[in-house]
file upload12.txt (compact mmCIF, N, CA and C atoms)
# COMPACT_ATOMS: atom_id res chain seq x y z
N MET A 1 6.67 -10.45 11.75
CA MET A 1 7.14 -9.12 11.44
C MET A 1 8.49 -8.94 12.13
N SER A 2 9.43 -8.32 11.46
CA SER A 2 10.73 -8.09 12.07
C SER A 2 10.90 -6.60 12.39
N TYR A 3 11.73 -6.34 13.37
CA TYR A 3 11.97 -4.98 13.84
C TYR A 3 13.46 -4.74 13.93
N PRO A 4 13.90 -3.47 13.83
CA PRO A 4 15.33 -3.17 13.99
C PRO A 4 15.82 -3.66 15.35
N GLU A 5 17.09 -4.03 15.41
CA GLU A 5 17.67 -4.59 16.63
C GLU A 5 17.51 -3.69 17.85
N ASP A 6 17.52 -2.37 17.66
CA ASP A 6 17.47 -1.46 18.79
C ASP A 6 16.03 -1.13 19.24
N THR A 7 15.04 -1.86 18.70
CA THR A 7 13.65 -1.62 19.09
C THR A 7 13.41 -2.19 20.49
N ASP A 8 12.85 -1.37 21.34
CA ASP A 8 12.53 -1.78 22.71
C ASP A 8 11.42 -2.83 22.67
N PRO A 9 11.58 -3.97 23.37
CA PRO A 9 10.55 -5.01 23.36
C PRO A 9 9.18 -4.49 23.82
N ALA A 10 9.15 -3.53 24.71
CA ALA A 10 7.86 -2.97 25.15
C ALA A 10 7.16 -2.26 23.99
N ASP A 11 7.96 -1.62 23.13
CA ASP A 11 7.37 -0.96 21.96
C ASP A 11 6.76 -1.98 21.00
N ILE A 12 7.46 -3.11 20.83
CA ILE A 12 6.95 -4.16 19.95
C ILE A 12 5.63 -4.68 20.49
N ASP A 13 5.57 -4.94 21.80
CA ASP A 13 4.32 -5.43 22.39
C ASP A 13 3.19 -4.43 22.19
N ALA A 14 3.49 -3.14 22.35
CA ALA A 14 2.46 -2.12 22.18
C ALA A 14 1.97 -2.08 20.74
N ILE A 15 2.89 -2.20 19.79
CA ILE A 15 2.52 -2.18 18.37
C ILE A 15 1.69 -3.41 18.04
N GLU A 16 2.13 -4.58 18.47
CA GLU A 16 1.48 -5.82 18.07
C GLU A 16 0.17 -6.08 18.79
N THR A 17 -0.11 -5.35 19.85
CA THR A 17 -1.37 -5.58 20.56
C THR A 17 -2.41 -4.50 20.30
N GLN A 18 -2.11 -3.57 19.41
CA GLN A 18 -3.10 -2.57 19.06
C GLN A 18 -4.24 -3.26 18.31
N PRO A 19 -5.47 -2.89 18.62
CA PRO A 19 -6.60 -3.53 17.93
C PRO A 19 -6.59 -3.21 16.44
N ASP A 20 -6.96 -4.19 15.68
CA ASP A 20 -7.04 -4.07 14.23
C ASP A 20 -8.50 -3.83 13.87
N PRO A 21 -8.81 -2.71 13.21
CA PRO A 21 -10.21 -2.44 12.88
C PRO A 21 -10.84 -3.51 11.98
N ASP A 22 -10.03 -4.26 11.26
CA ASP A 22 -10.55 -5.32 10.40
C ASP A 22 -10.63 -6.66 11.13
N ASP A 23 -10.26 -6.68 12.41
CA ASP A 23 -10.27 -7.90 13.21
C ASP A 23 -10.89 -7.58 14.56
N ALA A 24 -12.20 -7.35 14.56
CA ALA A 24 -12.90 -6.90 15.76
C ALA A 24 -12.70 -7.84 16.94
N ALA A 25 -12.58 -9.13 16.69
CA ALA A 25 -12.38 -10.08 17.77
C ALA A 25 -10.93 -10.13 18.23
N ASN A 26 -10.06 -9.39 17.55
CA ASN A 26 -8.64 -9.32 17.85
C ASN A 26 -8.01 -10.71 17.91
N THR A 27 -8.34 -11.54 16.92
CA THR A 27 -7.80 -12.89 16.85
C THR A 27 -6.40 -12.92 16.27
N GLY A 28 -6.03 -11.83 15.60
CA GLY A 28 -4.73 -11.81 14.94
C GLY A 28 -4.77 -12.48 13.58
N LEU A 29 -5.94 -12.92 13.17
CA LEU A 29 -6.08 -13.59 11.88
C LEU A 29 -6.69 -12.64 10.87
N VAL A 30 -6.19 -12.70 9.67
CA VAL A 30 -6.73 -11.90 8.57
C VAL A 30 -7.21 -12.87 7.52
N ASP A 31 -8.44 -12.73 7.09
CA ASP A 31 -8.96 -13.57 6.02
C ASP A 31 -8.54 -12.95 4.71
N PRO A 32 -7.56 -13.55 4.01
CA PRO A 32 -7.07 -12.93 2.78
C PRO A 32 -8.14 -12.79 1.71
N GLY A 33 -9.14 -13.67 1.70
CA GLY A 33 -10.19 -13.57 0.70
C GLY A 33 -11.03 -12.33 0.90
N ILE A 34 -11.41 -12.06 2.15
CA ILE A 34 -12.19 -10.86 2.45
C ILE A 34 -11.35 -9.63 2.20
N ASP A 35 -10.12 -9.66 2.65
CA ASP A 35 -9.20 -8.55 2.45
C ASP A 35 -9.08 -8.23 0.97
N ARG A 36 -8.85 -9.25 0.17
CA ARG A 36 -8.70 -9.08 -1.28
C ARG A 36 -9.97 -8.48 -1.89
N HIS A 37 -11.12 -9.00 -1.47
CA HIS A 37 -12.39 -8.52 -2.02
C HIS A 37 -12.61 -7.04 -1.70
N ASP A 38 -12.37 -6.64 -0.45
CA ASP A 38 -12.56 -5.25 -0.05
C ASP A 38 -11.68 -4.31 -0.86
N PHE A 39 -10.42 -4.65 -0.97
CA PHE A 39 -9.51 -3.79 -1.71
C PHE A 39 -9.81 -3.82 -3.21
N ALA A 40 -10.18 -4.98 -3.73
CA ALA A 40 -10.47 -5.10 -5.17
C ALA A 40 -11.67 -4.26 -5.56
N THR A 41 -12.69 -4.27 -4.73
CA THR A 41 -13.89 -3.49 -5.02
C THR A 41 -13.55 -2.00 -5.07
N GLU A 42 -12.80 -1.55 -4.09
CA GLU A 42 -12.40 -0.14 -4.05
C GLU A 42 -11.50 0.19 -5.24
N TRP A 43 -10.54 -0.69 -5.53
CA TRP A 43 -9.62 -0.48 -6.64
C TRP A 43 -10.38 -0.33 -7.96
N GLU A 44 -11.30 -1.24 -8.23
CA GLU A 44 -12.03 -1.22 -9.50
C GLU A 44 -12.78 0.09 -9.71
N GLY A 45 -13.42 0.58 -8.66
CA GLY A 45 -14.14 1.85 -8.76
C GLY A 45 -13.21 3.01 -9.04
N LEU A 46 -12.10 3.05 -8.31
CA LEU A 46 -11.15 4.14 -8.50
C LEU A 46 -10.46 4.05 -9.87
N TRP A 47 -10.15 2.83 -10.30
CA TRP A 47 -9.46 2.66 -11.58
C TRP A 47 -10.34 3.17 -12.73
N GLU A 48 -11.65 2.91 -12.63
CA GLU A 48 -12.57 3.45 -13.64
C GLU A 48 -12.54 4.98 -13.61
N ASP A 49 -12.55 5.55 -12.40
CA ASP A 49 -12.50 7.01 -12.27
C ASP A 49 -11.21 7.58 -12.85
N ALA A 50 -10.12 6.81 -12.75
CA ALA A 50 -8.82 7.29 -13.25
C ALA A 50 -8.84 7.48 -14.75
N HIS A 51 -9.68 6.74 -15.45
CA HIS A 51 -9.79 6.92 -16.90
C HIS A 51 -10.44 8.26 -17.25
N GLU A 52 -11.32 8.72 -16.38
CA GLU A 52 -12.00 9.99 -16.60
C GLU A 52 -11.16 11.18 -16.14
N ASP A 53 -10.55 11.05 -14.96
CA ASP A 53 -9.78 12.16 -14.38
C ASP A 53 -8.57 11.62 -13.62
N PRO A 54 -7.50 11.27 -14.36
CA PRO A 54 -6.36 10.61 -13.73
C PRO A 54 -5.70 11.43 -12.62
N ARG A 55 -5.56 12.72 -12.83
CA ARG A 55 -4.88 13.57 -11.84
C ARG A 55 -5.65 13.61 -10.53
N GLU A 56 -6.98 13.69 -10.60
CA GLU A 56 -7.80 13.75 -9.38
C GLU A 56 -7.86 12.41 -8.67
N THR A 57 -7.81 11.32 -9.42
CA THR A 57 -7.95 9.99 -8.83
C THR A 57 -6.63 9.45 -8.29
N LEU A 58 -5.52 9.94 -8.81
CA LEU A 58 -4.20 9.45 -8.40
C LEU A 58 -4.01 9.43 -6.88
N PRO A 59 -4.30 10.52 -6.16
CA PRO A 59 -4.09 10.47 -4.70
C PRO A 59 -4.94 9.40 -4.00
N GLU A 60 -6.15 9.16 -4.51
CA GLU A 60 -7.00 8.14 -3.89
C GLU A 60 -6.45 6.74 -4.14
N LEU A 61 -5.95 6.50 -5.35
CA LEU A 61 -5.34 5.21 -5.64
C LEU A 61 -4.07 5.01 -4.81
N GLU A 62 -3.31 6.07 -4.66
CA GLU A 62 -2.10 5.98 -3.83
C GLU A 62 -2.46 5.64 -2.40
N ASP A 63 -3.51 6.25 -1.88
CA ASP A 63 -3.94 5.97 -0.51
C ASP A 63 -4.36 4.51 -0.37
N LEU A 64 -5.09 3.98 -1.32
CA LEU A 64 -5.51 2.59 -1.27
C LEU A 64 -4.30 1.66 -1.27
N VAL A 65 -3.34 1.91 -2.14
CA VAL A 65 -2.15 1.06 -2.21
C VAL A 65 -1.34 1.18 -0.91
N ARG A 66 -1.26 2.39 -0.35
CA ARG A 66 -0.55 2.57 0.93
C ARG A 66 -1.20 1.72 2.02
N ARG A 67 -2.53 1.78 2.09
CA ARG A 67 -3.25 1.00 3.10
C ARG A 67 -3.03 -0.50 2.91
N LEU A 68 -3.01 -0.93 1.66
CA LEU A 68 -2.79 -2.35 1.36
C LEU A 68 -1.37 -2.77 1.76
N LEU A 69 -0.40 -1.93 1.47
CA LEU A 69 0.98 -2.22 1.86
C LEU A 69 1.11 -2.32 3.38
N VAL A 70 0.57 -1.33 4.08
CA VAL A 70 0.64 -1.32 5.55
C VAL A 70 -0.09 -2.54 6.11
N ARG A 71 -1.24 -2.83 5.56
CA ARG A 71 -2.06 -3.96 6.02
C ARG A 71 -1.29 -5.27 5.95
N HIS A 72 -0.39 -5.36 4.98
CA HIS A 72 0.35 -6.60 4.79
C HIS A 72 1.80 -6.50 5.26
N GLY A 73 2.04 -5.56 6.17
CA GLY A 73 3.29 -5.53 6.91
C GLY A 73 4.48 -4.89 6.24
N TYR A 74 4.27 -4.14 5.18
CA TYR A 74 5.39 -3.49 4.52
C TYR A 74 5.83 -2.26 5.29
N VAL A 75 7.13 -2.05 5.36
CA VAL A 75 7.71 -0.84 5.91
C VAL A 75 7.86 0.11 4.73
N LEU A 76 7.23 1.28 4.81
CA LEU A 76 7.15 2.15 3.64
C LEU A 76 8.34 3.07 3.43
N ASP A 77 9.41 2.81 4.11
CA ASP A 77 10.64 3.58 3.93
C ASP A 77 11.68 2.66 3.30
N ALA A 78 11.97 2.88 2.02
CA ALA A 78 12.91 2.02 1.30
C ALA A 78 14.30 2.02 1.93
N ASP A 79 14.63 3.06 2.71
CA ASP A 79 15.94 3.13 3.35
C ASP A 79 15.97 2.42 4.70
N ASP A 80 14.81 2.00 5.20
CA ASP A 80 14.75 1.30 6.47
C ASP A 80 15.45 -0.05 6.32
N PRO A 81 16.31 -0.43 7.27
CA PRO A 81 17.04 -1.69 7.15
C PRO A 81 16.12 -2.92 7.13
N VAL A 82 14.89 -2.79 7.60
CA VAL A 82 13.96 -3.91 7.58
C VAL A 82 13.52 -4.22 6.15
N THR A 83 13.50 -3.21 5.29
CA THR A 83 13.07 -3.37 3.91
C THR A 83 14.22 -3.95 3.11
N ARG A 84 13.96 -5.08 2.44
CA ARG A 84 15.05 -5.71 1.69
C ARG A 84 14.49 -6.51 0.51
N GLY A 85 15.37 -6.83 -0.43
CA GLY A 85 15.02 -7.68 -1.56
C GLY A 85 13.88 -7.13 -2.39
N GLU A 86 12.97 -8.03 -2.75
CA GLU A 86 11.83 -7.67 -3.59
C GLU A 86 10.96 -6.63 -2.90
N GLU A 87 10.89 -6.71 -1.59
CA GLU A 87 10.11 -5.73 -0.83
C GLU A 87 10.62 -4.31 -1.08
N ARG A 88 11.94 -4.16 -1.13
CA ARG A 88 12.54 -2.84 -1.38
C ARG A 88 12.11 -2.30 -2.74
N GLU A 89 12.06 -3.18 -3.74
CA GLU A 89 11.66 -2.76 -5.09
C GLU A 89 10.20 -2.31 -5.11
N ILE A 90 9.34 -3.06 -4.43
CA ILE A 90 7.93 -2.70 -4.36
C ILE A 90 7.76 -1.36 -3.67
N VAL A 91 8.46 -1.18 -2.55
CA VAL A 91 8.35 0.07 -1.80
C VAL A 91 8.91 1.25 -2.61
N ALA A 92 10.01 1.04 -3.33
CA ALA A 92 10.58 2.12 -4.15
C ALA A 92 9.62 2.52 -5.28
N THR A 93 8.98 1.53 -5.89
CA THR A 93 8.01 1.82 -6.96
C THR A 93 6.84 2.60 -6.38
N TYR A 94 6.36 2.16 -5.22
CA TYR A 94 5.26 2.86 -4.55
C TYR A 94 5.68 4.30 -4.21
N ALA A 95 6.90 4.47 -3.68
CA ALA A 95 7.36 5.80 -3.25
C ALA A 95 7.41 6.77 -4.42
N ALA A 96 7.81 6.30 -5.60
CA ALA A 96 7.84 7.17 -6.78
C ALA A 96 6.43 7.65 -7.12
N ALA A 97 5.46 6.75 -7.06
CA ALA A 97 4.07 7.12 -7.33
C ALA A 97 3.54 8.04 -6.24
N ARG A 98 3.92 7.78 -5.00
CA ARG A 98 3.47 8.61 -3.87
C ARG A 98 3.93 10.05 -4.05
N ASP A 99 5.15 10.25 -4.54
CA ASP A 99 5.66 11.60 -4.74
C ASP A 99 4.81 12.38 -5.74
N VAL A 100 4.41 11.72 -6.80
CA VAL A 100 3.56 12.38 -7.80
C VAL A 100 2.17 12.63 -7.21
N ALA A 101 1.64 11.66 -6.47
CA ALA A 101 0.32 11.84 -5.83
C ALA A 101 0.36 13.00 -4.83
N ASP A 102 1.45 13.12 -4.07
CA ASP A 102 1.58 14.23 -3.13
C ASP A 102 1.59 15.57 -3.87
N ALA A 103 2.26 15.61 -5.01
CA ALA A 103 2.27 16.84 -5.81
C ALA A 103 0.86 17.16 -6.31
N ALA A 104 0.11 16.13 -6.68
CA ALA A 104 -1.27 16.36 -7.13
C ALA A 104 -2.13 16.87 -5.98
N ARG A 105 -1.91 16.33 -4.79
CA ARG A 105 -2.68 16.76 -3.61
C ARG A 105 -2.47 18.24 -3.30
N THR A 106 -1.26 18.72 -3.53
CA THR A 106 -0.93 20.09 -3.19
C THR A 106 -1.13 21.06 -4.35
N GLY A 107 -1.68 20.54 -5.47
CA GLY A 107 -2.01 21.41 -6.59
C GLY A 107 -0.83 21.82 -7.45
N GLN A 108 0.29 21.13 -7.34
CA GLN A 108 1.45 21.45 -8.17
C GLN A 108 1.16 21.08 -9.63
N ASP A 109 1.86 21.75 -10.53
CA ASP A 109 1.74 21.45 -11.95
C ASP A 109 2.49 20.14 -12.22
N ILE A 110 1.77 19.14 -12.73
CA ILE A 110 2.36 17.83 -12.96
C ILE A 110 2.16 17.46 -14.42
N ASP A 111 3.21 16.96 -15.02
CA ASP A 111 3.16 16.50 -16.40
C ASP A 111 2.23 15.29 -16.51
N ALA A 112 1.43 15.25 -17.55
CA ALA A 112 0.50 14.13 -17.75
C ALA A 112 1.23 12.79 -17.84
N GLY A 113 2.44 12.81 -18.38
CA GLY A 113 3.24 11.59 -18.46
C GLY A 113 3.64 11.09 -17.08
N ASP A 114 3.93 12.02 -16.17
CA ASP A 114 4.27 11.63 -14.79
C ASP A 114 3.06 11.03 -14.08
N VAL A 115 1.88 11.59 -14.34
CA VAL A 115 0.65 11.04 -13.75
C VAL A 115 0.42 9.63 -14.29
N ALA A 116 0.57 9.46 -15.60
CA ALA A 116 0.38 8.14 -16.22
C ALA A 116 1.37 7.12 -15.65
N GLN A 117 2.63 7.54 -15.49
CA GLN A 117 3.63 6.62 -14.94
C GLN A 117 3.30 6.25 -13.50
N ALA A 118 2.86 7.23 -12.71
CA ALA A 118 2.49 6.97 -11.32
C ALA A 118 1.32 5.99 -11.25
N LEU A 119 0.33 6.17 -12.12
CA LEU A 119 -0.81 5.25 -12.16
C LEU A 119 -0.34 3.84 -12.52
N ASN A 120 0.54 3.74 -13.50
CA ASN A 120 1.07 2.43 -13.89
C ASN A 120 1.87 1.80 -12.76
N ASP A 121 2.65 2.62 -12.04
CA ASP A 121 3.42 2.10 -10.90
C ASP A 121 2.48 1.58 -9.81
N LEU A 122 1.42 2.33 -9.53
CA LEU A 122 0.47 1.89 -8.51
C LEU A 122 -0.22 0.60 -8.94
N ARG A 123 -0.56 0.51 -10.22
CA ARG A 123 -1.19 -0.73 -10.70
C ARG A 123 -0.24 -1.91 -10.56
N GLU A 124 1.04 -1.69 -10.86
CA GLU A 124 2.04 -2.75 -10.73
C GLU A 124 2.15 -3.22 -9.28
N VAL A 125 2.22 -2.28 -8.35
CA VAL A 125 2.33 -2.63 -6.93
C VAL A 125 1.06 -3.33 -6.48
N TYR A 126 -0.09 -2.80 -6.85
CA TYR A 126 -1.36 -3.40 -6.46
C TYR A 126 -1.44 -4.84 -6.95
N GLU A 127 -1.14 -5.07 -8.22
CA GLU A 127 -1.24 -6.41 -8.78
C GLU A 127 -0.24 -7.37 -8.12
N SER A 128 0.94 -6.88 -7.80
CA SER A 128 1.92 -7.70 -7.10
C SER A 128 1.41 -8.11 -5.72
N LEU A 129 0.80 -7.17 -5.01
CA LEU A 129 0.27 -7.47 -3.69
C LEU A 129 -0.91 -8.44 -3.77
N VAL A 130 -1.76 -8.27 -4.75
CA VAL A 130 -2.90 -9.17 -4.93
C VAL A 130 -2.41 -10.60 -5.18
N GLU A 131 -1.38 -10.74 -6.00
CA GLU A 131 -0.81 -12.07 -6.25
C GLU A 131 -0.34 -12.70 -4.95
N ARG A 132 0.31 -11.92 -4.10
CA ARG A 132 0.78 -12.45 -2.81
C ARG A 132 -0.37 -12.82 -1.89
N ILE A 133 -1.40 -11.99 -1.87
CA ILE A 133 -2.57 -12.27 -1.02
C ILE A 133 -3.24 -13.56 -1.50
N GLU A 134 -3.44 -13.67 -2.79
CA GLU A 134 -4.10 -14.86 -3.32
C GLU A 134 -3.24 -16.09 -3.12
N GLY A 135 -1.93 -15.94 -3.19
CA GLY A 135 -1.02 -17.07 -2.97
C GLY A 135 -1.14 -17.60 -1.54
N ARG A 136 -1.32 -16.71 -0.57
CA ARG A 136 -1.47 -17.13 0.82
C ARG A 136 -2.85 -17.71 1.10
N ALA A 137 -3.83 -17.35 0.26
CA ALA A 137 -5.20 -17.81 0.49
C ALA A 137 -5.39 -19.25 0.00
N ARG A 138 -4.49 -19.73 -0.82
CA ARG A 138 -4.64 -21.09 -1.39
C ARG A 138 -4.21 -22.13 -0.40
call {"tool": "encode", "arguments": {"input": "upload12.txt", "output": "structure tokens"}}
result
Amino acid sequence: MSYPEDTDPADIDAIETQPDPDDAANTGLVDPGIDRHDFATEWEGLWEDAHEDPRETLPELEDLVRRLLVRHGYVLDADDPVTRGEEREIVATYAAARDVADAARTGQDIDAGDVAQALNDLREVYESLVERIEGRAR
């Protein structure tokens, strides 16, 4: 993981030594197969729900994708200098969907087309991340 040049080394140590709830032994290892299975199971259930009530399910799908991004080391601010290249594109796509999900959370009036686009964006990001996880598992 990389950090901005002005990051205090003590802060990096504190961040990197925080216990990971998915790694009870604190080995620093993540089993991509288990990780993929956990997220896939949750995704499949929510995706089915999205067909019934897309507006209500959108915030939950956004939360799942956010957790997956964070879990795999993405910086969720597209303007952060650490975010670059393909990562920037993934984060920007996620951010657009997050904005619509936030509007849904607060009860704002949202166009059905915007909800559909946000769902498609989340699916695109999710599938991209799954490909990367599976690529590392091989």
call {"tool": "residues_near_point", "arguments": {"input": "upload12.txt", "point": "(-1.2, -1.1, -9.0)", "cutoff": "10 Å", "atoms": "only C-alpha atoms", "output": "ChimeraX atom specification"}}
result
/A:43,47,61-62,64-65,93-94,97,118-130
call {"tool": "closest_residue", "arguments": {"input": "upload12.txt", "among": "A:Val70, A:Leu58, A:Ala40, A:Leu76", "to": "Val100 of chain A", "atoms": "only C-alpha atoms"}}
result
A:Leu58
call {"tool": "atom_distance", "arguments": {"input": "upload12.txt", "atom1": "atom CA of Arg67 of chain A", "atom2": "atom CA of Glu89 of chain A"}}
result
17.4 Å
call {"tool": "axis_aligned_box", "arguments": {"input": "upload12.txt", "around": "segment 104-108 of chain A", "padding_each_side": "4 Å", "output": "JSON"}}
result
{"center_x": -0.6, "center_y": 19.0, "center_z": -6.4, "size_x": 12.1, "size_y": 13.7, "size_z": 14.4}
call {"tool": "residues_around", "arguments": {"input": "upload12.txt", "residues": "segment 103-106 of chain A", "least_positions_apart": "2", "cutoff": "7 Å", "atoms": "only C-alpha atoms", "output": "ChimeraX atom specification"}}
result
/A:55,59,99-101,108
call {"tool": "residues_around", "arguments": {"input": "upload12.txt", "residues": "Val91 of chain A", "least_positions_apart": "4", "cutoff": "6.5 Å", "atoms": "all atoms listed in the file", "output": "list of chain:residue names"}}
result
A:Leu76, A:Ala78, A:Glu86, A:Glu87, A:Ala95, A:Ala96
call {"tool": "closest_residue", "arguments": {"input": "upload12.txt", "among": "A:Pro54, A:Glu60, A:Arg132, A:Asp49", "to": "Ala116 of chain A", "atoms": "only N, CA and C atoms"}}
result
A:Pro54
call {"tool": "atom_distance", "arguments": {"input": "upload12.txt", "atom1": "atom N of Arg98 of chain A", "atom2": "atom N of Asp63 of chain A"}}
result
8.2 Å
call {"tool": "atom_distance", "arguments": {"input": "upload12.txt", "atom1": "atom N of Asp53 of chain A", "atom2": "atom CA of Arg66 of chain A"}}
result
20.6 Å
